[in-house]
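Novice: Got a file for you: upload.csv, CSV, C-alpha atoms.
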chain,number,residue,atom,x,y,z
A,1,MET,CA,32.4,32.0,-6.4
A,2,ARG,CA,35.5,29.8,-5.8
A,3,LYS,CA,36.1,31.3,-2.4
A,4,ILE,CA,32.5,30.9,-1.4
A,5,SER,CA,32.5,27.2,-2.2
A,6,MET,CA,35.8,26.8,-0.4
A,7,PHE,CA,34.3,28.5,2.6
A,8,VAL,CA,31.3,26.2,2.6
A,9,VAL,CA,33.4,23.1,2.4
A,10,LEU,CA,35.8,24.2,5.1
A,11,TYR,CA,32.8,25.1,7.4
A,12,VAL,CA,31.2,21.7,6.8
A,13,VAL,CA,34.5,19.9,7.6
A,14,TRP,CA,34.8,22.0,10.8
A,15,CYS,CA,31.3,21.1,11.9
A,16,LEU,CA,31.9,17.4,11.2
A,17,LEU,CA,35.1,17.5,13.3
A,18,VAL,CA,33.8,19.5,16.2
A,19,PHE,CA,30.2,18.1,16.0
A,20,PRO,CA,28.6,21.0,17.8
A,21,TYR,CA,25.2,19.3,18.3
A,22,ASP,CA,24.7,17.5,21.6
A,23,ARG,CA,22.1,14.7,21.1
A,24,THR,CA,21.4,14.0,24.7
A,25,THR,CA,20.4,17.6,25.5
A,26,GLY,CA,19.5,18.5,21.9
A,27,GLN,CA,21.4,21.8,22.1
A,28,TRP,CA,23.7,23.5,19.6
A,29,ASP,CA,27.1,24.7,20.7
A,30,THR,CA,27.0,28.3,19.5
A,31,GLN,CA,30.6,28.9,20.5
A,32,SER,CA,32.1,26.3,18.3
A,33,LEU,CA,29.8,27.3,15.4
A,34,LEU,CA,31.0,30.9,15.7
A,35,VAL,CA,34.7,30.0,16.0
A,36,GLY,CA,34.3,27.8,12.9
A,37,LEU,CA,32.9,30.7,10.9
A,38,VAL,CA,35.9,32.8,11.9
A,39,ALA,CA,38.4,30.1,11.3
A,40,ALA,CA,37.0,29.2,7.8
A,41,LEU,CA,36.9,32.9,6.9
A,42,VAL,CA,40.6,33.4,7.9
A,43,VAL,CA,41.7,30.3,5.9
A,44,VAL,CA,39.8,31.5,2.8
A,45,VAL,CA,41.3,35.0,3.0
A,46,LEU,CA,44.8,33.7,3.5
A,47,PHE,CA,44.8,30.6,1.2
A,48,GLY,CA,42.0,31.3,-1.2
A,49,ASN,CA,44.3,31.5,-4.1
A,50,ALA,CA,46.2,28.3,-3.2
A,51,LEU,CA,43.4,26.0,-4.3
A,52,PRO,CA,43.0,24.4,-7.7
A,53,ASP,CA,41.6,26.4,-10.6
A,54,ARG,CA,38.0,25.1,-10.6
A,55,SER,CA,36.8,24.4,-7.1
A,56,CYS,CA,33.3,25.6,-8.1
A,57,PHE,CA,32.6,22.0,-9.1
A,58,LEU,CA,32.1,21.4,-5.4
A,59,LEU,CA,28.7,23.1,-5.6
A,60,ALA,CA,27.2,21.0,-8.5
A,61,PRO,CA,24.9,18.3,-7.1
A,62,ARG,CA,25.3,16.1,-10.2
A,63,ARG,CA,29.0,15.7,-9.5
A,64,TRP,CA,28.3,14.8,-5.9
A,65,PHE,CA,25.9,12.1,-7.1
A,66,TRP,CA,28.6,10.6,-9.3
A,67,ALA,CA,31.1,10.9,-6.5
A,68,LEU,CA,28.7,8.8,-4.4
A,69,VAL,CA,28.4,6.2,-7.2
A,70,TYR,CA,32.2,6.1,-7.3
A,71,ILE,CA,32.6,5.1,-3.7
A,72,PRO,CA,31.4,1.5,-3.8
A,73,PHE,CA,33.0,1.0,-7.2
A,74,PHE,CA,36.3,2.2,-5.8
A,75,ALA,CA,35.9,0.2,-2.6
A,76,TYR,CA,35.5,-3.0,-4.6
A,77,TYR,CA,38.8,-2.4,-6.4
A,78,CYS,CA,40.5,-1.3,-3.2
A,79,LEU,CA,39.5,-4.5,-1.5
A,80,LYS,CA,40.6,-6.6,-4.5
A,81,ALA,CA,43.9,-4.7,-4.5
A,82,ASN,CA,44.5,-5.6,-0.8
A,83,LEU,CA,43.7,-9.2,-1.2
A,84,GLU,CA,46.1,-9.4,-4.2
A,85,VAL,CA,48.9,-7.7,-2.3
A,86,ALA,CA,48.3,-9.8,0.8
A,87,TYR,CA,48.5,-12.9,-1.4
A,88,LEU,CA,51.7,-11.8,-3.0
A,89,VAL,CA,53.2,-11.0,0.3
A,90,LEU,CA,52.2,-14.2,2.1
A,91,HIS,CA,53.1,-16.5,-0.9
A,92,PRO,CA,56.4,-18.3,0.0
A,93,ASP,CA,58.0,-17.5,-3.4
A,94,MET,CA,56.6,-14.0,-3.8
A,95,PRO,CA,55.7,-14.2,-7.5
A,96,ILE,CA,56.3,-10.5,-8.3
A,97,ARG,CA,57.4,-8.9,-11.5
A,98,PRO,CA,57.8,-5.2,-10.6
A,99,GLY,CA,58.4,-2.4,-13.0
A,100,ILE,CA,57.5,1.1,-14.0
A,101,VAL,CA,55.1,1.5,-16.9
A,102,LYS,CA,53.9,4.6,-18.7
A,103,VAL,CA,50.2,5.3,-19.2
A,104,ARG,CA,48.3,8.1,-20.7
A,105,THR,CA,45.0,9.6,-19.6
A,106,SER,CA,42.7,11.9,-21.5
A,107,LEU,CA,41.7,13.7,-18.3
A,108,ARG,CA,42.8,17.3,-18.4
A,109,THR,CA,42.2,19.2,-15.2
A,110,ARG,CA,44.7,18.9,-12.5
A,111,VAL,CA,42.2,17.9,-9.8
A,112,ALA,CA,41.0,15.0,-12.0
A,113,ILE,CA,44.5,13.8,-12.7
A,114,THR,CA,45.3,14.0,-9.0
A,115,ALA,CA,42.2,11.9,-8.2
A,116,LEU,CA,43.1,9.4,-10.9
A,117,ALA,CA,46.7,9.1,-9.5
A,118,ASN,CA,45.4,8.6,-6.0
A,119,SER,CA,42.9,6.0,-7.2
A,120,ILE,CA,45.6,4.1,-9.1
A,121,THR,CA,47.8,4.1,-6.0
A,122,LEU,CA,45.1,2.5,-4.0
A,123,THR,CA,44.2,-0.2,-6.5
A,124,PRO,CA,45.6,-3.5,-7.7
A,125,GLY,CA,49.3,-3.6,-7.5
A,126,THR,CA,49.9,-0.1,-8.9
A,127,LEU,CA,51.5,3.0,-7.5
A,128,THR,CA,51.8,6.3,-9.2
A,129,VAL,CA,55.4,7.5,-9.2
A,130,ASP,CA,55.0,10.7,-11.3
A,131,ALA,CA,52.5,12.6,-13.3
A,132,ASP,CA,52.9,15.2,-16.1
A,133,GLU,CA,50.7,18.1,-16.9
A,134,ASP,CA,49.8,16.6,-20.3
A,135,GLY,CA,48.3,13.5,-18.7
A,136,THR,CA,51.2,11.1,-18.7
A,137,LEU,CA,51.5,9.0,-15.6
A,138,TYR,CA,54.4,6.8,-14.6
A,139,VAL,CA,53.1,3.9,-12.6
A,140,HIS,CA,55.0,1.3,-10.6
A,141,TRP,CA,53.3,-2.0,-11.1
A,142,ILE,CA,54.1,-4.8,-8.7
A,143,ASP,CA,53.2,-7.5,-11.2
A,144,VAL,CA,53.7,-6.2,-14.8
A,145,LYS,CA,51.3,-7.9,-17.2
A,146,PHE,CA,51.8,-5.5,-20.2
A,147,ALA,CA,54.9,-3.4,-20.7
A,148,GLU,CA,53.5,-1.5,-23.7
A,149,ASP,CA,51.9,1.9,-23.1
A,150,ASP,CA,48.5,1.2,-24.7
A,151,GLU,CA,47.9,-2.1,-23.1
A,152,ALA,CA,49.0,-0.9,-19.7
A,153,THR,CA,46.7,2.2,-20.1
A,154,ARG,CA,43.8,0.0,-20.9
A,155,GLU,CA,44.5,-2.3,-17.9
A,156,ILE,CA,45.2,0.4,-15.3
A,157,VAL,CA,43.5,3.7,-16.3
A,158,SER,CA,40.4,3.1,-18.3
A,159,ARG,CA,38.2,1.7,-15.5
A,160,PHE,CA,38.4,4.9,-13.6
A,161,GLU,CA,38.6,7.5,-16.3
A,162,GLY,CA,34.9,7.6,-17.2
A,163,HIS,CA,33.8,8.0,-13.6
A,164,LEU,CA,36.3,10.6,-12.8
A,165,ARG,CA,35.5,12.6,-15.9
A,166,ARG,CA,31.8,12.8,-14.8
A,167,ILE,CA,32.9,13.9,-11.3
A,168,PHE,CA,35.6,16.5,-12.1
A,169,GLU,CA,35.3,17.7,-15.7
B,1,MET,CA,24.5,-6.8,17.2
B,2,ASN,CA,26.3,-3.6,16.1
B,3,GLU,CA,29.0,-4.5,18.5
B,4,TYR,CA,29.8,-7.8,16.9
B,5,ILE,CA,29.9,-6.2,13.4
B,6,GLY,CA,32.1,-3.4,14.6
B,7,VAL,CA,34.6,-5.6,16.3
B,8,ALA,CA,34.7,-8.0,13.3
B,9,ILE,CA,35.5,-5.1,11.0
B,10,VAL,CA,38.2,-3.8,13.3
B,11,ILE,CA,39.8,-7.3,13.4
B,12,VAL,CA,39.8,-7.6,9.6
B,13,GLY,CA,41.4,-4.2,9.4
B,14,LEU,CA,44.1,-5.2,11.9
B,15,ALA,CA,44.7,-8.3,9.8
B,16,PHE,CA,45.3,-6.1,6.7
B,17,ASP,CA,47.6,-3.9,8.7
B,18,VAL,CA,49.6,-7.0,9.7
B,19,PHE,CA,49.8,-8.1,6.0
B,20,GLY,CA,51.2,-4.6,5.2
B,21,CYS,CA,53.9,-5.0,7.8
B,22,VAL,CA,54.8,-8.5,6.6
B,23,GLY,CA,55.1,-7.0,3.1
B,24,LEU,CA,57.3,-4.3,4.4
B,25,VAL,CA,59.7,-6.8,5.7
B,26,ARG,CA,59.6,-9.3,2.8
B,27,LEU,CA,59.5,-7.3,-0.4
B,28,PRO,CA,62.8,-6.5,-2.1
B,29,ASP,CA,63.0,-2.7,-2.7
B,30,ILE,CA,61.4,0.6,-1.7
B,31,TYR,CA,58.8,0.7,-4.4
B,32,THR,CA,57.3,-2.7,-3.8
B,33,ARG,CA,57.5,-2.0,-0.1
B,34,LEU,CA,55.6,1.2,-0.6
B,35,GLN,CA,52.9,-0.8,-2.4
B,36,ALA,CA,52.4,-3.0,0.6
B,37,ALA,CA,52.6,-0.1,3.0
B,38,THR,CA,50.1,2.2,1.3
B,39,LYS,CA,47.5,-0.3,0.1
B,40,CYS,CA,47.2,-2.6,3.1
B,41,VAL,CA,47.7,0.0,5.7
B,42,THR,CA,45.2,2.4,4.1
B,43,LEU,CA,42.5,-0.2,3.9
B,44,GLY,CA,43.4,-1.6,7.3
B,45,THR,CA,43.2,1.8,8.9
B,46,CYS,CA,40.0,2.7,7.1
B,47,MET,CA,38.4,-0.5,8.3
B,48,ILE,CA,39.4,0.1,11.9
B,49,LEU,CA,37.9,3.6,11.6
B,50,ILE,CA,34.7,2.2,10.1
B,51,GLY,CA,34.5,-0.4,12.9
B,52,ILE,CA,34.9,2.4,15.5
B,53,ALA,CA,32.1,4.4,13.7
B,54,ILE,CA,29.8,1.4,13.9
B,55,LEU,CA,30.7,0.7,17.5
B,56,THR,CA,30.1,4.2,18.7
B,57,GLY,CA,27.2,5.1,16.5
B,58,LEU,CA,26.6,8.4,14.7
B,59,ASN,CA,27.9,10.8,17.5
B,60,ALA,CA,30.9,13.0,17.8
B,61,THR,CA,33.4,10.1,17.9
B,62,GLY,CA,31.9,8.2,15.0
B,63,VAL,CA,31.7,11.2,12.7
B,64,LYS,CA,35.3,12.1,13.5
B,65,ALA,CA,36.3,8.6,12.6
B,66,LEU,CA,34.6,8.9,9.2
B,67,VAL,CA,36.2,12.3,8.5
B,68,CYS,CA,39.6,10.9,9.4
B,69,MET,CA,39.0,8.1,7.0
B,70,ALA,CA,38.5,10.6,4.2
B,71,PHE,CA,41.7,12.3,5.1
B,72,VAL,CA,43.6,9.0,5.2
B,73,LEU,CA,42.3,8.1,1.8
B,74,ILE,CA,43.5,11.5,0.4
B,75,THR,CA,46.9,11.8,2.1
B,76,SER,CA,48.2,8.3,2.1
B,77,PRO,CA,48.5,7.8,-1.7
B,78,THR,CA,49.8,11.3,-2.0
B,79,ALA,CA,52.6,10.6,0.5
B,80,ALA,CA,53.4,7.3,-1.3
B,81,HIS,CA,53.7,9.2,-4.5
B,82,ALA,CA,56.0,11.8,-2.9
B,83,ILE,CA,58.2,9.1,-1.4
B,84,ALA,CA,58.4,7.0,-4.6
B,85,ARG,CA,59.2,10.0,-6.7
B,86,GLY,CA,61.7,11.4,-4.2
B,87,ALA,CA,63.4,8.0,-4.0
B,88,TYR,CA,63.7,7.7,-7.8
B,89,LYS,CA,65.1,11.2,-8.2
B,90,PHE,CA,67.5,10.5,-5.4
B,91,GLY,CA,68.8,7.5,-7.4
B,92,VAL,CA,67.4,4.5,-5.5
B,93,LYS,CA,67.5,1.6,-7.9
B,94,LEU,CA,64.7,-0.9,-8.6
B,95,GLU,CA,65.7,-4.3,-7.3
B,96,GLU,CA,66.4,-7.5,-9.1
B,97,PRO,CA,63.2,-9.0,-10.4
B,98,THR,CA,62.2,-5.7,-12.1
B,99,VAL,CA,61.2,-6.2,-15.7
B,100,VAL,CA,60.6,-2.8,-17.2
B,101,ASP,CA,61.4,0.9,-16.4
B,102,ARG,CA,59.7,3.4,-18.6
B,103,TYR,CA,60.4,6.2,-16.2
B,104,ALA,CA,64.1,6.1,-16.8
B,105,GLU,CA,63.9,7.6,-20.2
B,106,THR,CA,62.4,10.8,-18.9
B,107,GLN,CA,65.3,11.3,-16.5
B,108,THR,CA,68.1,11.6,-19.1
B,109,ASP,CA,66.8,14.6,-21.1
B,110,GLU,CA,65.5,16.7,-18.3
B,111,GLY,CA,68.2,15.8,-15.8
B,112,ARG,CA,67.8,15.1,-12.1
B,113,SER,CA,66.0,18.2,-10.8
Could you write out this file's structure as structure tokens?
Specialist:
Amino acid sequence: MRKISMFVVLYVVWCLLVFPYDRTTGQWDTQSLLVGLVAALVVVVLFGNALPDRSCFLLAPRRWFWALVYIPFFAYYCLKANLEVAYLVLHPDMPIRPGIVKVRTSLRTRVAITALANSITLTPGTLTVDADEDGTLYVHWIDVKFAEDDEATREIVSRFEGHLRRIFE
Amino acid sequence: MNEYIGVAIVIVGLAFDVFGCVGLVRLPDIYTRLQAATKCVTLGTCMILIGIAILTGLNATGVKALVCMAFVLITSPTAAHAIARGAYKFGVKLEEPTVVDRYAETQTDEGRS
């Protein structure tokens, strides 16, 4: 099951990259399609066990829906993060208070924690330095507002947690 | 019309890239520099790729740009995490204005691995 979903995803990525459909003539490029099949098969056979424990979530449409909902939500915070960093960088005095804080997440699967860490890195003033298996994240914060664990958790983690749980768990 | 929108988005993306570079020069230590480098450069690059996708339309080039965007969004924070963690394990200190370091307490008991 896991290998089948991996195969499908790999093949879709291949098709997007190669784009075997010519719009002007309306013809499909069978050569690329076939090579893609072989390439995806080889990768699945060689690296099928290297992927995370539960890649079968890739086939559930409900999760894809929540992933689509997540995109604009995430884009908003990403944009906000960039304006904030741009402001800090261009400000003559650079009003920064950097530090590393510790936050906890209730997400359990490794994929979800990875996604959360990546989201944190791309959003306001925070960068994930390290993550533990038990859901503890060490986050570098360019403008520390709360040094305590709980408050920092509320400020940094909670806005993504619910969304990511619906997508990955 | 699409041309104007595409070019405008590319220009905004370039502006964010420039902010990222300014941050790289101005900020005090590696961790804050990584912040500027990952955030601004990721969004800047993504906006340039979106602009290209709008300019070319939904053909081979445009779709490639969008796929590249997904890959940049996945890899760039991962690389930042690897660099930050590596720097910390290597012993690079947090510079002067730093107010708190909760990561330090994990380093003593497990040692520098």
Novice: Quick one: of B:Leu14, B:Ala70, B:Leu49, B:Val63, who's nearest to chain A, counting all atoms listed in the file?
Specialist: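 For chain A, the nearest of the candidates is B:Val63.
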Novice: Would you kindly identify which residues have an atom no farther than 12 Å from (55.6, -0.5, -0.1), using only C-alpha atoms and the file's own coordinates, and write them out as a PyMOL selection string?
Specialist: (chain A and resi 85-86+89+98+121-122+125-128+140-142) or (chain B and resi 19-42+76-77+79-81+83-84)
Novice: Select, from A:Leu10, A:Ala115, A:Leu16, A:Ile4, the residue with the minimum atom-to-atom distance to Ala67 in chain A, counting all atoms listed in the file.
Specialist: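 Of the candidates, the smallest distance to Ala67 in chain A is held by A:Ala115.
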Novice: Which of these, B:Thr56, B:Cys68, B:Cys46, B:Asp17, has the shortest distance to Asn2 in chain B once you count all atoms listed in the file?
Specialist: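 Comparing B:Thr56, B:Cys68, B:Cys46, B:Asp17 against Asn2 in chain B, the winner is B:Thr56.
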Novice: One decimal, in Å: what's the spacing between CA of Thr78 in chain B and CA of Asp130 in chain A?
Specialist: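 The value is 10.7 Å.
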Novice: Please provide the set of residues having any atom within 9 Å of Asp134 in chain A, restricted to only C-alpha atoms, with same-chain residues fewer than 3 positions apart removed, written as an MDAnalysis selection string.
Specialist: chainID A and resid 104:108 131
Novice: From the set A:Ile167, A:Leu46, A:Ile96, A:Ile113, which residue has the shortest atom-to-atom contact distance to chain B, counting all atoms listed in the file?
Specialist: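 Of all the options, A:Ile96 lies closest to chain B.
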Novice: Quick one: distance from CA of Asp132 in chain A to CA of Ser158 in chain A in Å, one decimal?
Specialist: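 Taking CA of Asp132 in chain A and CA of Ser158 in chain A, their separation equals 17.5 Å.
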Novice: Can you work out the spacing between CA of Leu164 in chain A and CA of Leu116 in chain A in Å, to one decimal?
Specialist: 7.2 Å
Novice: Can you tell me which residues surround range 28-32 of chain A at a distance of at most 12 Å, considering all atoms listed in the file, apart from same-chain residues fewer than 5 positions away, and format the answer as a ChimeraX atom specification?
Specialist: /A:11,14-23,37-40
Novice: Neighbours of Ala75 in chain A within 12 Å (all atoms listed in the file; same-chain residues fewer than 6 positions away dropped), as a VMD selection string?
Specialist: (chain A and resid 68 to 69 81 to 82 119 122 to 124) or (chain B and resid 39 42 to 43 46 to 47 73)
Novice: With distances taken over all atoms listed in the file, which of B:Leu55, B:Val72, B:Ala60, B:Val12 is nearest to chain A?
Specialist: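 The answer is B:Ala60, which sits nearest to chain A.
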Novice: From the list B:Leu58, B:Lys89, B:Ile11, B:Ala82, which residue is nearest Thr45 in chain B when using all atoms listed in the file?
Specialist: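 Among B:Leu58, B:Lys89, B:Ile11, B:Ala82, it is B:Ile11 that comes nearest to Thr45 in chain B.
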Novice: From (51.2, 4.4, -18.2), in the file's coordinates, out to 7 Å: which residues are reached, counting all atoms listed in the file? Answer as a PyMOL selection string.
Specialist: chain A and resi 101-104+136-139+149+152-153
Novice: Pick out the residues sitting within 10 Å of Tyr4 in chain B, and hand them over as a PyMOL selection string; count only C-alpha atoms, and ignore anything fewer than 3 positions along from it in its own chain.
Specialist: chain B and resi 1+7-10+51+54-55
Novice: Tell me which protein, DNA and RNA residues are within 7 Å of Val44 in chain A, counting all atoms listed in the file, leaving out same-chain ones fewer than 2 positions away, and put them as an MDAnalysis selection string.
Specialist: chainID A and resid 3 6:7 40:42 46:48
Novice: Any chance you could model N, CA and C atoms for range 8-35 of chain B and send them as a PDB file, in the frame of the given file?
Specialist:
ATOM      1  N   ALA B   8      34.227  -7.167  14.439  1.00  0.00           N
ATOM      2  CA  ALA B   8      34.700  -8.000  13.300  1.00  0.00           C
ATOM      3  C   ALA B   8      35.423  -7.140  12.296  1.00  0.00           C
ATOM      4  N   ILE B   9      34.859  -5.964  11.963  1.00  0.00           N
ATOM      5  CA  ILE B   9      35.500  -5.100  11.000  1.00  0.00           C
ATOM      6  C   ILE B   9      36.853  -4.617  11.481  1.00  0.00           C
ATOM      7  N   VAL B  10      36.914  -4.272  12.780  1.00  0.00           N
ATOM      8  CA  VAL B  10      38.200  -3.800  13.300  1.00  0.00           C
ATOM      9  C   VAL B  10      39.226  -4.955  13.235  1.00  0.00           C
ATOM     10  N   ILE B  11      38.801  -6.206  13.500  1.00  0.00           N
ATOM     11  CA  ILE B  11      39.800  -7.300  13.400  1.00  0.00           C
ATOM     12  C   ILE B  11      40.257  -7.527  12.016  1.00  0.00           C
ATOM     13  N   VAL B  12      39.332  -7.481  11.038  1.00  0.00           N
ATOM     14  CA  VAL B  12      39.800  -7.600   9.600  1.00  0.00           C
ATOM     15  C   VAL B  12      40.750  -6.515   9.277  1.00  0.00           C
ATOM     16  N   GLY B  13      40.453  -5.291   9.714  1.00  0.00           N
ATOM     17  CA  GLY B  13      41.400  -4.200   9.400  1.00  0.00           C
ATOM     18  C   GLY B  13      42.736  -4.426  10.037  1.00  0.00           C
ATOM     19  N   LEU B  14      42.764  -4.938  11.251  1.00  0.00           N
ATOM     20  CA  LEU B  14      44.100  -5.200  11.900  1.00  0.00           C
ATOM     21  C   LEU B  14      44.806  -6.289  11.079  1.00  0.00           C
ATOM     22  N   ALA B  15      44.070  -7.298  10.571  1.00  0.00           N
ATOM     23  CA  ALA B  15      44.700  -8.300   9.800  1.00  0.00           C
ATOM     24  C   ALA B  15      45.387  -7.707   8.549  1.00  0.00           C
ATOM     25  N   PHE B  16      44.675  -6.758   7.875  1.00  0.00           N
ATOM     26  CA  PHE B  16      45.300  -6.100   6.700  1.00  0.00           C
ATOM     27  C   PHE B  16      46.512  -5.320   7.106  1.00  0.00           C
ATOM     28  N   ASP B  17      46.450  -4.658   8.249  1.00  0.00           N
ATOM     29  CA  ASP B  17      47.600  -3.900   8.700  1.00  0.00           C
ATOM     30  C   ASP B  17      48.808  -4.862   8.902  1.00  0.00           C
ATOM     31  N   VAL B  18      48.517  -6.052   9.461  1.00  0.00           N
ATOM     32  CA  VAL B  18      49.600  -7.000   9.700  1.00  0.00           C
ATOM     33  C   VAL B  18      50.188  -7.456   8.332  1.00  0.00           C
ATOM     34  N   PHE B  19      49.299  -7.709   7.329  1.00  0.00           N
ATOM     35  CA  PHE B  19      49.800  -8.100   6.000  1.00  0.00           C
ATOM     36  C   PHE B  19      50.730  -6.998   5.465  1.00  0.00           C
ATOM     37  N   GLY B  20      50.319  -5.744   5.657  1.00  0.00           N
ATOM     38  CA  GLY B  20      51.200  -4.600   5.200  1.00  0.00           C
ATOM     39  C   GLY B  20      52.527  -4.673   5.835  1.00  0.00           C
ATOM     40  N   CYS B  21      52.560  -4.957   7.131  1.00  0.00           N
ATOM     41  CA  CYS B  21      53.900  -5.000   7.800  1.00  0.00           C
ATOM     42  C   CYS B  21      54.694  -6.160   7.324  1.00  0.00           C
ATOM     43  N   VAL B  22      54.047  -7.326   7.112  1.00  0.00           N
ATOM     44  CA  VAL B  22      54.800  -8.500   6.600  1.00  0.00           C
ATOM     45  C   VAL B  22      55.401  -8.113   5.225  1.00  0.00           C
ATOM     46  N   GLY B  23      54.588  -7.433   4.391  1.00  0.00           N
ATOM     47  CA  GLY B  23      55.100  -7.000   3.100  1.00  0.00           C
ATOM     48  C   GLY B  23      56.286  -6.087   3.222  1.00  0.00           C
ATOM     49  N   LEU B  24      56.218  -5.198   4.168  1.00  0.00           N
ATOM     50  CA  LEU B  24      57.300  -4.300   4.400  1.00  0.00           C
ATOM     51  C   LEU B  24      58.614  -4.990   4.673  1.00  0.00           C
ATOM     52  N   VAL B  25      58.504  -6.109   5.378  1.00  0.00           N
ATOM     53  CA  VAL B  25      59.700  -6.800   5.700  1.00  0.00           C
ATOM     54  C   VAL B  25      60.170  -7.704   4.535  1.00  0.00           C
ATOM     55  N   ARG B  26      59.221  -8.321   3.812  1.00  0.00           N
ATOM     56  CA  ARG B  26      59.600  -9.300   2.800  1.00  0.00           C
ATOM     57  C   ARG B  26      59.955  -8.808   1.464  1.00  0.00           C
ATOM     58  N   LEU B  27      59.312  -7.724   1.026  1.00  0.00           N
ATOM     59  CA  LEU B  27      59.500  -7.300  -0.400  1.00  0.00           C
ATOM     60  C   LEU B  27      60.898  -6.714  -0.579  1.00  0.00           C
ATOM     61  N   PRO B  28      61.386  -6.755  -1.826  1.00  0.00           N
ATOM     62  CA  PRO B  28      62.800  -6.500  -2.100  1.00  0.00           C
ATOM     63  C   PRO B  28      63.216  -4.991  -2.027  1.00  0.00           C
ATOM     64  N   ASP B  29      62.445  -4.065  -2.646  1.00  0.00           N
ATOM     65  CA  ASP B  29      63.000  -2.700  -2.700  1.00  0.00           C
ATOM     66  C   ASP B  29      61.921  -1.683  -2.261  1.00  0.00           C
ATOM     67  N   ILE B  30      62.298  -0.424  -2.302  1.00  0.00           N
ATOM     68  CA  ILE B  30      61.400   0.600  -1.700  1.00  0.00           C
ATOM     69  C   ILE B  30      60.111   0.717  -2.388  1.00  0.00           C
ATOM     70  N   TYR B  31      60.089   0.512  -3.718  1.00  0.00           N
ATOM     71  CA  TYR B  31      58.800   0.700  -4.400  1.00  0.00           C
ATOM     72  C   TYR B  31      57.825  -0.349  -4.124  1.00  0.00           C
ATOM     73  N   THR B  32      58.279  -1.590  -4.123  1.00  0.00           N
ATOM     74  CA  THR B  32      57.300  -2.700  -3.800  1.00  0.00           C
ATOM     75  C   THR B  32      56.921  -2.572  -2.326  1.00  0.00           C
ATOM     76  N   ARG B  33      57.852  -2.135  -1.488  1.00  0.00           N
ATOM     77  CA  ARG B  33      57.500  -2.000  -0.100  1.00  0.00           C
ATOM     78  C   ARG B  33      56.417  -0.910   0.102  1.00  0.00           C
ATOM     79  N   LEU B  34      56.568   0.166  -0.673  1.00  0.00           N
ATOM     80  CA  LEU B  34      55.600   1.200  -0.600  1.00  0.00           C
ATOM     81  C   LEU B  34      54.188   0.686  -0.992  1.00  0.00           C
ATOM     82  N   GLN B  35      54.172  -0.203  -1.990  1.00  0.00           N
ATOM     83  CA  GLN B  35      52.900  -0.800  -2.400  1.00  0.00           C
ATOM     84  C   GLN B  35      52.198  -1.435  -1.223  1.00  0.00           C
TER      85      GLN B  35
END
